[in-house]
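Below: one structure, written as structure tokens.
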Amino acid sequence: MTAADAPSRYAFKDAETRWQAAWNDRGAFVAAEDRSRPKYYVLEMFPYPSGRIHMGHVRNYTMGDVVARYKRARGFNVLHPMGWDAFGMPAENAAMEKKVHPAEWTYANIDTMRRQLKMMGLSIDWDREIATCHPDYYRHEQKMFLDMLEAGLIYRREGWVNWDPVDNTVLANEQVIDGRGWRSGAVVEKRRLSQWFFRITAYAQELLDALDSLERWPEKVRLMQANWIGRSEGLRIAFEMEGRSDRLEVYTTRPDTIFGASFCGISPEHPLAAELAARDADLAAFIEECRRTGTSEAAIEQAEKVGRDTGLRVKHPFVPGKTLPVYVANFILMEYGTGAIFGCPAHDQRDLDFARKYALPVLPVVVPEGEDPAAFEVGTEAYTGPGRLANSEFLDGLAVDAAKAEIAGRIETAQSGRREVNFRLRDWGISRQRYWGCPIPVIHCEACGVVPVPAADLPVELPPDVTFDVPGNPLDRHPTWKHVDCPSCGKAARRETDTFDTFVDSSWYFARFCSPRADAPTDRNAVDYWLPVDQYIGGIEHAILHLLYSRFFTRAMKKTGHAGLDEPFAGLFTQGMICHETYRTEAGTWLEPTEVERADDGTWHRLGSGETIRVGRSEKMSKSKKNVIDPEDIINTYGADTARWFMLSDSPPERDMDWTEAGITGAWRFANRLWRLVATQASALPPRGTAPETDDASTALRRATHAAIKGVTGDLEAFHFNRAVARVHELVNTLSEASPGAALREGLEAVTLLVGPMMPHLAEELWSMLGAEGLVVEAPWPAADEALLVEESVKLAVQVRGKMRGTLEVARDAGQPEIEALALALPTVTAALGGDAVKKVIYVPNRIINIIH
RNA sequence: GCGGGCGUGGUGAAACUGGUAGACACGCCAGAUUUAGGUUCUGGUGGCGAAAGCCGUGGGGGUUCGAGUCCCUUCGCCCGCACCA
């Protein structure tokens with residue numbers, strides 16, 4: 001073939017469908033347990049079927065696919081499944097807006113997105129596909145709920161909950177961001193409701209401790225979880241109250257500052273506050289006001305610390321005759337500790353702000369080392385640093401930690417308190433007043449109370465005939481669904497109409513993938529074989545919610561016998577977001593990238609009208625700012641391989657990346673360049689298996705090939721995809737300059753295999769053009785010949801007093817005297833020395849020689 | 001406020017345990033071939049300078065023969081948590 005009659009471009013459309021069919025025909029990605037090989041479970045966070053895939057999905061699934069294909073080539077038995085996180089609010093919103101049933105909407109979206117993902121050529125075992133909205137999935141979730149309920153991992157109680165007035169549902173603490181619902185953005189209100197809770201706090205310590213064992217998790221995520229769990233060590237102290245027989249219990253992490261206490265504070269939600277308010281209209285009004293201001297971020301931001309003196313006095317435990325006033329204060333949370341504190345203004349900023357407002361005493365009791373206790377004063381800033389105790393009787397002179405221990409001991413001896421560990425983590429409330437979720441399988445009976453649905457009656461299926469014309473939960477107003485007989489006494493009873501938080505669905509799907517058609521939630525053989533997930537990949541936005549819930553749920557599954565491990569994800573990688581420039585008209589209307597163009601002078605204009613456009617900085621792709629690029633358009637225009645290649649190029653995968661037109665066309669050019677290189681050289685190459693030549697040029701070529709194999713292998717292992725891409729570029733540059741021969745064949749075959757996980761269709765195409773047998777997906781990963789990598793000569797840097805003066809091409813591992821002589825003979829070196837005597841020489845073999853004068 | 005991360009050419013970024021800063025790519029410049037369309041190929045490209053050379057990894061200081069990398073300090077940007085006692 002000559003260049004003239006060779007097709008000039010890689011026909012990706014034809015090739016991609018052809019190779020996808022070939023993989024499919026061979027069942028190349030179907031996974032089965034095989035104990036003769038090491039297993040490797042690669043999982044990307046499964047998508048919510050919102051409609052169409054977006055670029056974030058493309059990046060996520062490309063990275064996972066690279067890992068899956070690479071590990072497969074390395075001989076691992078790989079599991080790489082895909083499913084749908086299919087329950088959730090958007091389906092109900094669509095039902096309300098477009099009058100389609102949530103199920104219909106969801107399944108249609110799944111069909112679209114499955115088709116789109118298949119266009120990407122992912123090495124997924126589609127036989128294992130699951131959708132959480134399918135009864136075959138959620139019936140098992142219901143079964144586990146019953147088991148966990150029985151095991152004491154779940155309970156029901158009434159409590160203050162976060163109510164989202166837009167989505168008309170309760171939210172977990174983790175789902176309230178800056179006082180607003182994580183989906184709707186509405187300011188969350190406080191309501192009292194009966195709710196089901198997972199007892200995640202029972203595992204608080206364990207979930208915290210085990211973070212240390214997650215070595216292949218990003219440090220950032222582990223820190224975020226540790227902060228969220230929020231362990232604190234302190235002391236619970238019971239103060240005697242004047243004129244009452246009961247005691248006021250407070251929690252503190254600074255018991256050492258007890259002598260600096262000038263008041264006690266209780267939460268507006270504290271039972272004592274309610275009791276006192278019953279006889280005090282002013283206090284009652286204050287409490288009501290606190291409740292209304294609630295938790296909105298604006299309220300908290302500016303909220304002044306305010307309180308009301310209840311008139312109640314507590315006795316200081318160590319100062320006879322001293323009493324402290326008890327205030328109801330708006331900054332004290334009922335949910336944390338005991339809902340009551342003692343205030344030591346000198347050493348706590350909040351207490352100080354409060355004390356200044358109500359003219360309470362401020363007595364420093366911790367003084368920085370070396371300061372005179374008599375002279376040390378606290379102004380507008382509390383002193384929270386280390387130091388020695390003062391004004392504290394028997395604690396005087398002690399360091400903070402010693403003082404804490406001393407006080408704790410005395411309080412415990414006096415039986416007026418005890419050491420206590422507190423966590424910020426709250427139990428996970430999972431009741432949602434929504435239709436499109438997994439029904440909670442319990443029945444409420446007047447006589448028997450809460451009765452679990454018998455396992456034989458599962459699944460509790462969602463009724464299909466529901467309406468969305470009025471707000472609220474359609475299950476609640478369904479004419480028949482909720483009316484059932486009590487399984488226990490047989491009398492008329494009422495079904496629970498709340499459904500699970502959708503995070504329950506995603507807390508175990510990774511386990512279900514191991515045995516997706518099993519009749520029980522899990523097949524223990526399968527989960528014991530496949531779990532844990534060896535490599536999990538997804539967005540950082542799930543650092544707390546999904547990842548913490550899954551860690552808990554896996555433990556709960558272990559306790560109920562559904563799994564046998566504690567930690568579901570051995571390795572975690574969090575990818576960055578896809579960003580794009582934003583475009584606005586002068587009037588402020590957002591425009592899509594396809595609606596604007598850049599003129600030669602660098603200004604931007606609207607297509608058609610020519611209106612001047614303001615280009616905004618690159619931001620996360622989002623529909624509201626219209627800076628989105630549709631993956632399907634890209635795949636149709638450039639092919640899946642080009643899209644994948646660009647996703648892996650340039651930006652490190654954990655960092656945000658910019659989607660640019662130049663970037664995608666650059667990737668497109670490279671794919672063609674590689675294709676053209678093989679297309680033009682293939683026929684000139686010697687047959688496969690011909691021994692490589694041994695002349696200098698061929699040896700150099702082989703060295704480049706094997707260096708690339710070694711480099712790319714290391715880069716893929718370390719998730720350095722952008723460097724792997726750079727190394728492939730380098731190798732292709734080298735191969736492009738070589739003349740045909742066995743060494744070139746070796747190089748082209750190697751580059752084909754190296755590119756395999758990243759551009760799988762193109763790799764197959766090249767492999768077949770090179771006349772190789774079988775498919776790339778079945779070929780083992782190439783091995784680097786270490787012997788070829790050892791170079792006999794090295795380029796050594798020569799410095800004079802640390803300044804670069806030149807380089808020397810010398811024999812590998814040459815001796816210092818020889819190097820020194822050569823270096824001193826360099827004109828640049830003699831010039832720099834200026835005749836001075838050499839005082840010292842530092843020589844690092846094969847690296848550098850530094851001459852000091 | 002607390003916790004964490006990041007500042008390197010015009011741009012995205014490389015640089016393993018301190019050892020030739022800017023690999024690779026985009027863009028740009030020059031040339032060649034096609035010149036009906038983002039094609040392909042060759043060379044150049046951190047800054048200043050005619051050159052030798054000097055200066056360069058946010059700023060300042062330090063350790064070291066040698067610092068993008070380690071230490072101190074300061075500025076800027078981003079992310080997470082946020083009245084958690």
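Going through the structure tokens in order, the chains are called A, B, and so on, while each chain numbers its residues from 1 and the ligands are numbered from 1 in the order shown.
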Note to self: For a quick test of understanding: name the residues of chain B lying within 6 Å of chain A when counting only C-alpha atoms (C1' of nucleotides), and present them as a list in words.
What the structure shows: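 Residues of chain B within 6 Å of chain A, counting only C-alpha atoms (C1' of nucleotides): G12, U20, C24, G66, C83, C84 and A85 of chain B.
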Which of stretch 254-452 of chain A fall in strand (DSSP E or B), as a PDB file with N, CA and C atoms, in the first residue's frame:
ATOM      1  N   PHE A 263     -21.125  30.802  84.625  1.00  0.00           N
ATOM      2  CA  PHE A 263     -22.562  30.547  84.426  1.00  0.00           C
ATOM      3  C   PHE A 263     -22.743  29.135  83.889  1.00  0.00           C
ATOM      4  N   CYS A 264     -23.974  28.669  83.892  1.00  0.00           N
ATOM      5  CA  CYS A 264     -24.330  27.445  83.197  1.00  0.00           C
ATOM      6  C   CYS A 264     -25.318  27.812  82.099  1.00  0.00           C
ATOM      7  N   GLY A 265     -25.270  27.030  81.001  1.00  0.00           N
ATOM      8  CA  GLY A 265     -26.195  27.298  79.908  1.00  0.00           C
ATOM      9  C   GLY A 265     -26.906  26.024  79.516  1.00  0.00           C
ATOM     10  N   ILE A 266     -28.183  26.162  79.195  1.00  0.00           N
ATOM     11  CA  ILE A 266     -28.911  24.995  78.695  1.00  0.00           C
ATOM     12  C   ILE A 266     -29.563  25.347  77.361  1.00  0.00           C
ATOM     13  N   GLY A 307     -29.451  34.940  75.519  1.00  0.00           N
ATOM     14  CA  GLY A 307     -29.984  33.989  76.493  1.00  0.00           C
ATOM     15  C   GLY A 307     -30.932  34.676  77.448  1.00  0.00           C
ATOM     16  N   ARG A 308     -31.494  33.880  78.345  1.00  0.00           N
ATOM     17  CA  ARG A 308     -32.363  34.393  79.387  1.00  0.00           C
ATOM     18  C   ARG A 308     -31.953  33.747  80.696  1.00  0.00           C
ATOM     19  N   ASP A 309     -31.811  34.587  81.706  1.00  0.00           N
ATOM     20  CA  ASP A 309     -31.513  34.046  83.032  1.00  0.00           C
ATOM     21  C   ASP A 309     -32.773  33.386  83.557  1.00  0.00           C
ATOM     22  N   THR A 310     -32.661  32.122  83.928  1.00  0.00           N
ATOM     23  CA  THR A 310     -33.854  31.398  84.392  1.00  0.00           C
ATOM     24  C   THR A 310     -34.142  31.688  85.855  1.00  0.00           C
ATOM     25  N   GLY A 311     -33.186  32.329  86.518  1.00  0.00           N
ATOM     26  CA  GLY A 311     -33.360  32.557  87.946  1.00  0.00           C
ATOM     27  C   GLY A 311     -32.828  31.398  88.780  1.00  0.00           C
ATOM     28  N   LEU A 312     -32.669  30.293  88.135  1.00  0.00           N
ATOM     29  CA  LEU A 312     -32.128  29.095  88.797  1.00  0.00           C
ATOM     30  C   LEU A 312     -30.633  29.288  89.078  1.00  0.00           C
ATOM     31  N   ARG A 313     -30.154  28.705  90.222  1.00  0.00           N
ATOM     32  CA  ARG A 313     -28.722  28.777  90.543  1.00  0.00           C
ATOM     33  C   ARG A 313     -28.181  27.378  90.816  1.00  0.00           C
ATOM     34  N   VAL A 314     -26.972  27.098  90.275  1.00  0.00           N
ATOM     35  CA  VAL A 314     -26.329  25.818  90.619  1.00  0.00           C
ATOM     36  C   VAL A 314     -25.151  26.093  91.550  1.00  0.00           C
ATOM     37  N   LYS A 315     -24.793  25.064  92.340  1.00  0.00           N
ATOM     38  CA  LYS A 315     -23.691  25.232  93.294  1.00  0.00           C
ATOM     39  C   LYS A 315     -22.379  24.818  92.644  1.00  0.00           C
ATOM     40  N   THR A 323     -22.308  30.217  93.741  1.00  0.00           N
ATOM     41  CA  THR A 323     -23.334  29.702  92.840  1.00  0.00           C
ATOM     42  C   THR A 323     -23.163  30.315  91.456  1.00  0.00           C
ATOM     43  N   LEU A 324     -23.717  29.613  90.476  1.00  0.00           N
ATOM     44  CA  LEU A 324     -23.656  30.095  89.089  1.00  0.00           C
ATOM     45  C   LEU A 324     -25.080  30.221  88.560  1.00  0.00           C
ATOM     46  N   PRO A 325     -25.369  31.312  87.835  1.00  0.00           N
ATOM     47  CA  PRO A 325     -26.706  31.438  87.251  1.00  0.00           C
ATOM     48  C   PRO A 325     -26.889  30.473  86.085  1.00  0.00           C
ATOM     49  N   VAL A 326     -28.104  30.016  85.890  1.00  0.00           N
ATOM     50  CA  VAL A 326     -28.416  29.129  84.760  1.00  0.00           C
ATOM     51  C   VAL A 326     -29.169  29.924  83.701  1.00  0.00           C
ATOM     52  N   TYR A 327     -28.609  29.961  82.518  1.00  0.00           N
ATOM     53  CA  TYR A 327     -29.237  30.654  81.401  1.00  0.00           C
ATOM     54  C   TYR A 327     -29.769  29.645  80.394  1.00  0.00           C
ATOM     55  N   VAL A 328     -30.855  29.990  79.719  1.00  0.00           N
ATOM     56  CA  VAL A 328     -31.211  29.298  78.479  1.00  0.00           C
ATOM     57  C   VAL A 328     -30.513  30.100  77.384  1.00  0.00           C
ATOM     58  N   ALA A 329     -29.694  29.426  76.584  1.00  0.00           N
ATOM     59  CA  ALA A 329     -28.912  30.159  75.586  1.00  0.00           C
ATOM     60  C   ALA A 329     -29.081  29.550  74.214  1.00  0.00           C
ATOM     61  N   ALA A 340     -26.397  20.812  77.846  1.00  0.00           N
ATOM     62  CA  ALA A 340     -26.112  21.824  78.872  1.00  0.00           C
ATOM     63  C   ALA A 340     -24.601  21.951  79.047  1.00  0.00           C
ATOM     64  N   ILE A 341     -24.165  23.160  79.397  1.00  0.00           N
ATOM     65  CA  ILE A 341     -22.732  23.410  79.551  1.00  0.00           C
ATOM     66  C   ILE A 341     -22.478  24.245  80.807  1.00  0.00           C
ATOM     67  N   PHE A 342     -21.209  24.264  81.213  1.00  0.00           N
ATOM     68  CA  PHE A 342     -20.854  25.366  82.101  1.00  0.00           C
ATOM     69  C   PHE A 342     -20.004  26.306  81.279  1.00  0.00           C
ATOM     70  N   GLY A 343     -20.160  27.572  81.477  1.00  0.00           N
ATOM     71  CA  GLY A 343     -19.446  28.546  80.669  1.00  0.00           C
ATOM     72  C   GLY A 343     -18.227  29.077  81.396  1.00  0.00           C
ATOM     73  N   VAL A 366      -6.202  29.675  83.075  1.00  0.00           N
ATOM     74  CA  VAL A 366      -5.055  29.071  82.384  1.00  0.00           C
ATOM     75  C   VAL A 366      -4.208  30.225  81.860  1.00  0.00           C
ATOM     76  N   VAL A 367      -2.937  30.197  82.241  1.00  0.00           N
ATOM     77  CA  VAL A 367      -2.047  31.293  81.886  1.00  0.00           C
ATOM     78  C   VAL A 367      -0.875  30.736  81.085  1.00  0.00           C
ATOM     79  N   ARG A 388      -0.433  27.045  82.264  1.00  0.00           N
ATOM     80  CA  ARG A 388      -0.530  26.486  83.624  1.00  0.00           C
ATOM     81  C   ARG A 388      -1.747  27.066  84.330  1.00  0.00           C
ATOM     82  N   LEU A 389      -2.325  26.270  85.196  1.00  0.00           N
ATOM     83  CA  LEU A 389      -3.528  26.676  85.903  1.00  0.00           C
ATOM     84  C   LEU A 389      -3.211  27.746  86.939  1.00  0.00           C
ATOM     85  N   ALA A 399      -0.265  21.717  84.490  1.00  0.00           N
ATOM     86  CA  ALA A 399      -0.510  21.925  83.068  1.00  0.00           C
ATOM     87  C   ALA A 399      -1.946  21.498  82.773  1.00  0.00           C
ATOM     88  N   GLY A 417     -20.077  12.893  88.709  1.00  0.00           N
ATOM     89  CA  GLY A 417     -19.847  12.924  87.271  1.00  0.00           C
ATOM     90  C   GLY A 417     -18.930  11.797  86.853  1.00  0.00           C
ATOM     91  N   ARG A 418     -18.713  11.720  85.531  1.00  0.00           N
ATOM     92  CA  ARG A 418     -17.807  10.675  85.020  1.00  0.00           C
ATOM     93  C   ARG A 418     -17.224  11.105  83.675  1.00  0.00           C
ATOM     94  N   ARG A 419     -16.089  10.469  83.373  1.00  0.00           N
ATOM     95  CA  ARG A 419     -15.478  10.719  82.073  1.00  0.00           C
ATOM     96  C   ARG A 419     -16.401  10.192  80.975  1.00  0.00           C
ATOM     97  N   GLU A 420     -16.456  10.874  79.844  1.00  0.00           N
ATOM     98  CA  GLU A 420     -17.366  10.460  78.789  1.00  0.00           C
ATOM     99  C   GLU A 420     -16.790  10.837  77.424  1.00  0.00           C
ATOM    100  N   VAL A 421     -16.998   9.928  76.492  1.00  0.00           N
ATOM    101  CA  VAL A 421     -16.603  10.213  75.113  1.00  0.00           C
ATOM    102  C   VAL A 421     -17.855  10.580  74.345  1.00  0.00           C
ATOM    103  N   ASN A 422     -17.799  11.640  73.614  1.00  0.00           N
ATOM    104  CA  ASN A 422     -18.937  12.043  72.803  1.00  0.00           C
ATOM    105  C   ASN A 422     -18.578  12.068  71.329  1.00  0.00           C
ATOM    106  N   PHE A 423     -19.577  11.823  70.510  1.00  0.00           N
ATOM    107  CA  PHE A 423     -19.382  11.890  69.061  1.00  0.00           C
ATOM    108  C   PHE A 423     -20.342  12.892  68.460  1.00  0.00           C
ATOM    109  N   TRP A 428     -28.518   7.556  61.903  1.00  0.00           N
ATOM    110  CA  TRP A 428     -28.896   7.844  60.511  1.00  0.00           C
ATOM    111  C   TRP A 428     -30.409   7.656  60.342  1.00  0.00           C
ATOM    112  N   GLY A 429     -31.109   8.781  60.204  1.00  0.00           N
ATOM    113  CA  GLY A 429     -32.552   8.728  59.988  1.00  0.00           C
ATOM    114  C   GLY A 429     -32.843   8.401  58.539  1.00  0.00           C
ATOM    115  N   SER A 431     -36.138   7.450  57.204  1.00  0.00           N
ATOM    116  CA  SER A 431     -37.518   7.549  56.718  1.00  0.00           C
ATOM    117  C   SER A 431     -37.671   8.738  55.781  1.00  0.00           C
ATOM    118  N   ARG A 432     -38.274   8.475  54.641  1.00  0.00           N
ATOM    119  CA  ARG A 432     -38.530   9.557  53.692  1.00  0.00           C
ATOM    120  C   ARG A 432     -39.995   9.519  53.304  1.00  0.00           C
ATOM    121  N   PRO A 439     -40.115   0.726  49.899  1.00  0.00           N
ATOM    122  CA  PRO A 439     -41.045   0.770  51.038  1.00  0.00           C
ATOM    123  C   PRO A 439     -40.422   0.146  52.289  1.00  0.00           C
ATOM    124  N   VAL A 442     -42.830  -2.517  57.295  1.00  0.00           N
ATOM    125  CA  VAL A 442     -43.456  -2.710  58.603  1.00  0.00           C
ATOM    126  C   VAL A 442     -44.927  -2.307  58.523  1.00  0.00           C
ATOM    127  N   ILE A 443     -45.667  -2.784  59.512  1.00  0.00           N
ATOM    128  CA  ILE A 443     -47.103  -2.502  59.579  1.00  0.00           C
ATOM    129  C   ILE A 443     -47.407  -1.963  60.974  1.00  0.00           C
ATOM    130  N   HIS A 444     -48.245  -0.934  61.006  1.00  0.00           N
ATOM    131  CA  HIS A 444     -48.617  -0.344  62.284  1.00  0.00           C
ATOM    132  C   HIS A 444     -49.995  -0.858  62.687  1.00  0.00           C
ATOM    133  N   CYS A 445     -50.023  -1.469  63.850  1.00  0.00           N
ATOM    134  CA  CYS A 445     -51.266  -2.061  64.328  1.00  0.00           C
ATOM    135  C   CYS A 445     -51.652  -1.378  65.636  1.00  0.00           C
ATOM    136  N   GLY A 449     -48.849  -2.652  67.888  1.00  0.00           N
ATOM    137  CA  GLY A 449     -47.766  -1.682  67.688  1.00  0.00           C
ATOM    138  C   GLY A 449     -47.104  -1.883  66.338  1.00  0.00           C
ATOM    139  N   VAL A 450     -45.794  -1.712  66.290  1.00  0.00           N
ATOM    140  CA  VAL A 450     -45.078  -1.861  65.029  1.00  0.00           C
ATOM    141  C   VAL A 450     -44.781  -3.336  64.793  1.00  0.00           C
ATOM    142  N   VAL A 451     -45.284  -3.862  63.684  1.00  0.00           N
ATOM    143  CA  VAL A 451     -45.087  -5.281  63.371  1.00  0.00           C
ATOM    144  C   VAL A 451     -44.315  -5.400  62.054  1.00  0.00           C
ATOM    145  N   PRO A 452     -43.173  -6.090  62.068  1.00  0.00           N
ATOM    146  CA  PRO A 452     -42.436  -6.274  60.806  1.00  0.00           C
ATOM    147  C   PRO A 452     -43.247  -7.104  59.826  1.00  0.00           C
TER     148      PRO A 452
END
Nearby residues (only C-alpha atoms (C1' of nucleotides)) at most 7 Å from stretch 474-484 of chain A, same-chain spacing under 6 positions excluded, as an mmCIF file with all heavy atoms, in the first residue's frame:
data_model
loop_
_atom_site.group_PDB
_atom_site.id
_atom_site.type_symbol
_atom_site.label_atom_id
_atom_site.label_comp_id
_atom_site.auth_asym_id
_atom_site.auth_seq_id
_atom_site.Cartn_x
_atom_site.Cartn_y
_atom_site.Cartn_z
ATOM 1 N N TYR A 435 -42.652 8.702 47.476
ATOM 2 C CA TYR A 435 -43.145 7.503 46.785
ATOM 3 C C TYR A 435 -42.002 6.682 46.171
ATOM 4 O O TYR A 435 -41.910 5.477 46.372
ATOM 5 C CB TYR A 435 -44.116 7.904 45.671
ATOM 6 C CG TYR A 435 -44.418 6.790 44.687
ATOM 7 C CD1 TYR A 435 -45.258 5.745 45.054
ATOM 8 C CD2 TYR A 435 -43.862 6.783 43.408
ATOM 9 C CE1 TYR A 435 -45.534 4.709 44.165
ATOM 10 C CE2 TYR A 435 -44.136 5.755 42.522
ATOM 11 C CZ TYR A 435 -44.969 4.715 42.900
ATOM 12 O OH TYR A 435 -45.229 3.695 42.015
ATOM 13 N N PRO A 463 -47.126 0.395 44.843
ATOM 14 C CA PRO A 463 -48.294 0.320 43.968
ATOM 15 C C PRO A 463 -48.042 1.175 42.731
ATOM 16 O O PRO A 463 -47.541 2.293 42.861
ATOM 17 C CB PRO A 463 -49.407 0.924 44.830
ATOM 18 C CG PRO A 463 -48.699 1.851 45.747
ATOM 19 C CD PRO A 463 -47.350 1.254 46.015
ATOM 20 N N VAL A 466 -50.506 5.556 41.157
ATOM 21 C CA VAL A 466 -50.412 6.690 42.078
ATOM 22 C C VAL A 466 -50.517 7.988 41.291
ATOM 23 O O VAL A 466 -50.280 8.022 40.093
ATOM 24 C CB VAL A 466 -49.068 6.689 42.846
ATOM 25 C CG1 VAL A 466 -49.086 5.661 43.950
ATOM 26 C CG2 VAL A 466 -47.902 6.461 41.901
ATOM 27 N N THR A 467 -50.880 9.041 42.002
ATOM 28 C CA THR A 467 -50.997 10.342 41.358
ATOM 29 C C THR A 467 -50.069 11.339 42.033
ATOM 30 O O THR A 467 -49.732 11.198 43.201
ATOM 31 C CB THR A 467 -52.448 10.870 41.466
ATOM 32 O OG1 THR A 467 -52.810 10.859 42.852
ATOM 33 C CG2 THR A 467 -53.396 10.011 40.667
ATOM 34 N N PHE A 468 -49.684 12.334 41.257
ATOM 35 C CA PHE A 468 -48.741 13.331 41.770
ATOM 36 C C PHE A 468 -49.301 14.742 41.641
ATOM 37 O O PHE A 468 -48.554 15.701 41.572
ATOM 38 C CB PHE A 468 -47.409 13.213 41.029
ATOM 39 C CG PHE A 468 -46.712 11.910 41.285
ATOM 40 C CD1 PHE A 468 -46.948 10.813 40.472
ATOM 41 C CD2 PHE A 468 -45.844 11.783 42.360
ATOM 42 C CE1 PHE A 468 -46.317 9.602 40.727
ATOM 43 C CE2 PHE A 468 -45.218 10.582 42.609
ATOM 44 C CZ PHE A 468 -45.455 9.483 41.793
ATOM 45 N N ALA A 492 -57.487 -5.116 61.270
ATOM 46 C CA ALA A 492 -57.135 -4.090 60.292
ATOM 47 C C ALA A 492 -55.975 -3.245 60.810
ATOM 48 O O ALA A 492 -55.975 -2.841 61.979
ATOM 49 C CB ALA A 492 -58.345 -3.200 60.011
ATOM 50 N N ALA A 493 -55.022 -3.025 59.941
ATOM 51 C CA ALA A 493 -53.833 -2.246 60.344
ATOM 52 C C ALA A 493 -53.399 -1.374 59.175
ATOM 53 O O ALA A 493 -54.041 -1.377 58.110
ATOM 54 C CB ALA A 493 -52.723 -3.180 60.777
ATOM 55 N N ARG A 494 -52.304 -0.659 59.372
ATOM 56 C CA ARG A 494 -51.878 0.329 58.393
ATOM 57 C C ARG A 494 -50.414 0.100 58.047
ATOM 58 O O ARG A 494 -49.564 -0.067 58.915
ATOM 59 C CB ARG A 494 -52.052 1.713 59.034
ATOM 60 C CG ARG A 494 -51.734 2.885 58.160
ATOM 61 C CD ARG A 494 -52.009 4.187 58.901
ATOM 62 N NE ARG A 494 -51.193 4.319 60.122
ATOM 63 C CZ ARG A 494 -49.906 4.681 60.119
ATOM 64 N NH1 ARG A 494 -49.287 4.929 58.998
ATOM 65 N NH2 ARG A 494 -49.242 4.780 61.269
ATOM 66 N N ARG A 495 -50.156 0.084 56.748
ATOM 67 C CA ARG A 495 -48.783 -0.041 56.285
ATOM 68 C C ARG A 495 -47.989 1.224 56.568
ATOM 69 O O ARG A 495 -48.535 2.325 56.483
ATOM 70 C CB ARG A 495 -48.781 -0.204 54.767
ATOM 71 C CG ARG A 495 -48.342 -1.527 54.274
ATOM 72 C CD ARG A 495 -48.214 -1.532 52.763
ATOM 73 N NE ARG A 495 -48.762 -2.772 52.229
ATOM 74 C CZ ARG A 495 -48.264 -3.963 52.488
ATOM 75 N NH1 ARG A 495 -47.234 -4.085 53.296
ATOM 76 N NH2 ARG A 495 -48.800 -5.030 51.970
ATOM 77 N N THR A 497 -45.971 4.102 55.363
ATOM 78 C CA THR A 497 -45.979 4.692 54.017
ATOM 79 C C THR A 497 -44.682 5.425 53.699
ATOM 80 O O THR A 497 -44.503 5.930 52.594
ATOM 81 C CB THR A 497 -47.153 5.679 53.854
ATOM 82 O OG1 THR A 497 -47.068 6.666 54.883
ATOM 83 C CG2 THR A 497 -48.483 4.949 53.929
#
Checklist line | Contacts of A:Gly576 within 12 Å, only C-alpha atoms (C1' of nucleotides), excl. fewer than 2 positions in-chain, as a VMD selection string | finding: (chain A and resid 55 to 57 59 to 60 63 537 to 541 573 to 574 578 to 579 619 to 621 647 to 648 651 to 658) or (chain B and resid 79)
Item checked: Polymer residues at most 9 Å from A:Tyr107, only C-alpha atoms (C1' of nucleotides), same-chain spacing of 5 or more positions, as a list in words ->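 Near A:Tyr107, the qualifying residues are Pro49, Ala86, Pro102 and Thr112 of chain A.
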Notebook entry, point to check: By how many Å are atom CA of A:Gly437 and atom CA of A:Gly561 apart?
Noted result: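 Calculated distance between atom CA of A:Gly437 and atom CA of A:Gly561 is 24.6 Å.
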Next item on the list: Among the residues of stretch 575-691 of chain A, find those DSSP assigns to helix (DSSP H, G or I) from the backbone and print them as an NGL selection string.
Entry: :A and (593-595 or 623-625 or 631-638 or 640-648 or 661-684)
